[in-house]
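Report on the following structure.
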Amino acid sequence: MPPARLVRYDFLDPRPASQAAPHPIHRAVNIPLSELPRRTNELPPKSEIVRVAAEPELARSTVSWLASNGRRAERVESFDYAPAPEGEIGRLWEPTAFLAEAVPQLAPGTALDLACGTGRDSVYLASCGWRVTAADVLPDALVRGRQLAERCAAAIAPICWLQCDLECDLPDFDHGFDLIIIFRYLNRDLLRRLVAWLNPGGSVLCEAFTTLHRDRHGKPARLDRVLRAGELPTLLPGLKQQHYSEAWRGSLHTARFWGQRAASAP
C-alpha cells in the first residue's frame, strides 16, 4: 500500500476527538478546542481566516478564542459529514512559502532544518520523501514538532530531532546534506559554515528579515538579527546563486537566497 498523503483541508473541527472520530466533518481537521493553546502551529497562516465547522455554541466559543489570540476566524454555516479518502491526512498549516516553491525542483535526499521551531517545514519535507534532521534550541518547540510528526506519521519518513544551541553548540554530523534550510533566524557565523555541511550538488535555502522590516515593525529587537540590503549572498560564499530576492511579502520584508554547491567532477 502506498504511503498516505498530506492534503490541505478547509475547516477546523474543534469537537472533542471522541465525537469527531466516529463522525468526521468533510475536509476538516480535528483540533479540539481544549487542545488549541498547545497546537497553534497546526493552524493556517495568520494571514488567513480560520473557518470553524461545528455546532453553533462550540463554533462561537472557538471563534472567540481564536480572535482573542490574534486570529481571524469565522463560523461555517453549512458543512457535511464524511470520512477522509483512504490514504489522506488533512492539514490546515502551510510550510514556508519559499520552501514550497523550491522543493518541487529538487530530488529528495537528506535535509537539515536549522532553527526548525515547531516542525512544520520538517514535516513537509518528510512528506515529500526527504530524510530530515531538525534542530532547535527550544525543547517545547521540539515536543510540538514531534507531536505534529506523530499525527502525520503515515505520510512521512521518520525525522531526527536535535536540541542544540546554534549560537554555541553546533552539532557534529557524520554525513553531509543535500538540502539545508534556515528560515527567519539569522546567524552570520553559522551561515558561513553551511557549505561544509553540503553534499556536492546540494542546496541551501535561507530567508531572513531585513532592516526595512525592523524599521517598520521594531522586530527583531536585535540589530544583528536583520540583513542589510544585498548582504545575504555574501554570507554564503562558494555557492552558485539559483535565486535571490528582497521584497515585501505581505507585511514582512525578507531576503531570500537559494544557493547550490558545485557537483563533483565526473
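Chain lettering (A, B, ...) mirrors the order of the C-alpha cells, residue numbering begins at 1 for each chain separately, and ligand numbering begins at 1 in order of display.
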Exercise for review: Can you pull out every residue within 12 Å of A:Leu36, counting only C-alpha atoms, but drop anything in the same chain fewer than 2 positions away, and send it as a count of residues only?
Suggested key: 22
Exercise for review: DSSP on the backbone, then: every residue of stretch 29-262 of chain A marked strand (DSSP E or B), written as number ranges by chain.
Suggested key: A: 29-30, 50-52, 73-75, 81, 88-91, 110-114, 131-136, 159-163, 177-183, 198-210, 227, 240-249, 252-260
Point to revise | Pairwise distance for atom CA of A:Tyr244 and atom CA of A:Tyr124, rounded to one decimal in Å | key: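 If I compute the distance from atom CA of A:Tyr244 to atom CA of A:Tyr124, I get 22.6 Å.
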Practice item. Find the residues around stretch 85-99 of chain A up to 9 Å (only C-alpha atoms counted), leave out those fewer than 6 positions away in its own chain, and share them as number ranges by chain. Key: A: 2-12, 27-29, 41-45, 50, 120-125, 151-152, 154-155, 181, 183, 205-207, 256
Review point. Quick one: of A:Leu198, A:Ala208, A:His217, A:Ala229, who's nearest to A:Ala263, counting only C-alpha atoms?
Key: A:Leu198
Point to revise | Spatial neighbours of stretch 138-145 of chain A, max dist 6 Å, only C-alpha atoms, sep filter under 4 positions, as an NGL selection string | key: :A and (117-119)
Practice item. Could you give me the residues within stretch 22-246 of chain A that DSSP places in alpha helix (DSSP H), as a PyMOL selection string? Key: chain A and resi 56-68+97-102+120-127+139-151+188-197+211-217
Within 12 Å of A:Trp197, counting only C-alpha atoms, which residues show up once you throw out same-chain ones fewer than 4 positions away? Write them as a PDB file with N, CA and C atoms, in the first residue's frame, please.
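Here's the written file out19.pdb:
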```
ATOM      1  N   THR A 110      18.817  13.905   1.716  1.00  0.00           N
ATOM      2  CA  THR A 110      18.955  14.229   3.132  1.00  0.00           C
ATOM      3  C   THR A 110      18.798  15.729   3.316  1.00  0.00           C
ATOM      4  N   ALA A 111      18.075  16.131   4.365  1.00  0.00           N
ATOM      5  CA  ALA A 111      17.805  17.555   4.602  1.00  0.00           C
ATOM      6  C   ALA A 111      18.072  17.902   6.060  1.00  0.00           C
ATOM      7  N   LEU A 112      18.535  19.128   6.280  1.00  0.00           N
ATOM      8  CA  LEU A 112      18.778  19.663   7.613  1.00  0.00           C
ATOM      9  C   LEU A 112      17.960  20.935   7.769  1.00  0.00           C
ATOM     10  N   LEU A 170      27.134  23.781  18.063  1.00  0.00           N
ATOM     11  CA  LEU A 170      26.810  23.243  16.758  1.00  0.00           C
ATOM     12  C   LEU A 170      26.976  21.731  16.741  1.00  0.00           C
ATOM     13  N   PRO A 171      26.043  21.041  16.131  1.00  0.00           N
ATOM     14  CA  PRO A 171      26.141  19.578  16.075  1.00  0.00           C
ATOM     15  C   PRO A 171      27.303  19.131  15.205  1.00  0.00           C
ATOM     16  N   ASP A 172      27.775  17.932  15.435  1.00  0.00           N
ATOM     17  CA  ASP A 172      28.844  17.316  14.653  1.00  0.00           C
ATOM     18  C   ASP A 172      28.233  16.184  13.841  1.00  0.00           C
ATOM     19  N   PHE A 173      27.944  16.450  12.582  1.00  0.00           N
ATOM     20  CA  PHE A 173      27.244  15.476  11.750  1.00  0.00           C
ATOM     21  C   PHE A 173      28.234  14.487  11.142  1.00  0.00           C
ATOM     22  N   ASP A 174      27.798  13.243  11.004  1.00  0.00           N
ATOM     23  CA  ASP A 174      28.652  12.230  10.411  1.00  0.00           C
ATOM     24  C   ASP A 174      28.363  12.020   8.929  1.00  0.00           C
ATOM     25  N   HIS A 175      27.553  12.892   8.346  1.00  0.00           N
ATOM     26  CA  HIS A 175      27.266  12.832   6.912  1.00  0.00           C
ATOM     27  C   HIS A 175      26.879  14.232   6.444  1.00  0.00           C
ATOM     28  N   GLY A 176      26.909  14.406   5.122  1.00  0.00           N
ATOM     29  CA  GLY A 176      26.501  15.681   4.559  1.00  0.00           C
ATOM     30  C   GLY A 176      25.016  15.689   4.223  1.00  0.00           C
ATOM     31  N   PHE A 177      24.563  16.827   3.724  1.00  0.00           N
ATOM     32  CA  PHE A 177      23.147  17.005   3.409  1.00  0.00           C
ATOM     33  C   PHE A 177      22.981  17.481   1.972  1.00  0.00           C
ATOM     34  N   ASP A 178      21.872  17.057   1.393  1.00  0.00           N
ATOM     35  CA  ASP A 178      21.525  17.500   0.041  1.00  0.00           C
ATOM     36  C   ASP A 178      20.741  18.812   0.057  1.00  0.00           C
ATOM     37  N   LEU A 179      20.193  19.156   1.219  1.00  0.00           N
ATOM     38  CA  LEU A 179      19.448  20.402   1.368  1.00  0.00           C
ATOM     39  C   LEU A 179      19.578  20.878   2.808  1.00  0.00           C
ATOM     40  N   ILE A 180      19.881  22.157   2.966  1.00  0.00           N
ATOM     41  CA  ILE A 180      19.875  22.793   4.289  1.00  0.00           C
ATOM     42  C   ILE A 180      18.948  23.991   4.202  1.00  0.00           C
ATOM     43  N   ILE A 181      18.017  24.091   5.161  1.00  0.00           N
ATOM     44  CA  ILE A 181      17.109  25.230   5.201  1.00  0.00           C
ATOM     45  C   ILE A 181      17.274  25.955   6.533  1.00  0.00           C
ATOM     46  N   LEU A 190      27.087  30.988  11.532  1.00  0.00           N
ATOM     47  CA  LEU A 190      26.526  29.700  11.144  1.00  0.00           C
ATOM     48  C   LEU A 190      26.367  29.607   9.629  1.00  0.00           C
ATOM     49  N   LEU A 191      25.871  30.671   9.002  1.00  0.00           N
ATOM     50  CA  LEU A 191      25.663  30.638   7.556  1.00  0.00           C
ATOM     51  C   LEU A 191      26.974  30.373   6.821  1.00  0.00           C
ATOM     52  N   ARG A 192      28.039  30.966   7.305  1.00  0.00           N
ATOM     53  CA  ARG A 192      29.332  30.785   6.623  1.00  0.00           C
ATOM     54  C   ARG A 192      29.842  29.352   6.716  1.00  0.00           C
ATOM     55  N   ARG A 193      29.306  28.561   7.630  1.00  0.00           N
ATOM     56  CA  ARG A 193      29.745  27.179   7.806  1.00  0.00           C
ATOM     57  C   ARG A 193      28.918  26.178   7.012  1.00  0.00           C
ATOM     58  N   GLY A 201      26.519  19.259  -5.093  1.00  0.00           N
ATOM     59  CA  GLY A 201      25.235  19.480  -5.740  1.00  0.00           C
ATOM     60  C   GLY A 201      24.117  19.868  -4.799  1.00  0.00           C
ATOM     61  N   GLY A 202      24.409  19.918  -3.483  1.00  0.00           N
ATOM     62  CA  GLY A 202      23.371  20.253  -2.504  1.00  0.00           C
ATOM     63  C   GLY A 202      23.031  21.729  -2.488  1.00  0.00           C
ATOM     64  N   SER A 203      21.883  22.042  -1.896  1.00  0.00           N
ATOM     65  CA  SER A 203      21.355  23.407  -1.893  1.00  0.00           C
ATOM     66  C   SER A 203      21.154  23.930  -0.481  1.00  0.00           C
ATOM     67  N   VAL A 204      21.258  25.256  -0.352  1.00  0.00           N
ATOM     68  CA  VAL A 204      20.881  25.978   0.856  1.00  0.00           C
ATOM     69  C   VAL A 204      19.730  26.913   0.506  1.00  0.00           C
ATOM     70  N   ARG A 261      25.797  24.108  -4.155  1.00  0.00           N
ATOM     71  CA  ARG A 261      27.202  23.721  -4.211  1.00  0.00           C
ATOM     72  C   ARG A 261      27.473  23.015  -5.528  1.00  0.00           C
TER      73      ARG A 261
END
```
Review point. Smallest atom-to-atom distance to A:Arg51: which of A:Glu35, A:Glu77, A:Asp169, A:Glu246, using only C-alpha atoms?
Key: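 The shortest atom-to-atom distance to A:Arg51 comes from A:Glu77.
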Check your understanding: What is the distance, in Å and to one decimal place, between atom CA of A:Gly218 and atom CA of A:Arg249?
Key -> 16.8 Å
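With only C-alpha atoms as the atoms that count, the residue of A:Ser78, A:Gln242, A:Glu167, A:Ala20 with the shortest distance to A:Ala102 is A:Gln242.
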Check your understanding: Could you work out how far atom CA of A:Pro200 lies from atom CA of A:Thr234, giving the answer in Å with one decimal?
Key ->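 About the pair atom CA of A:Thr234 and atom CA of A:Pro200: they are 19.9 Å apart.
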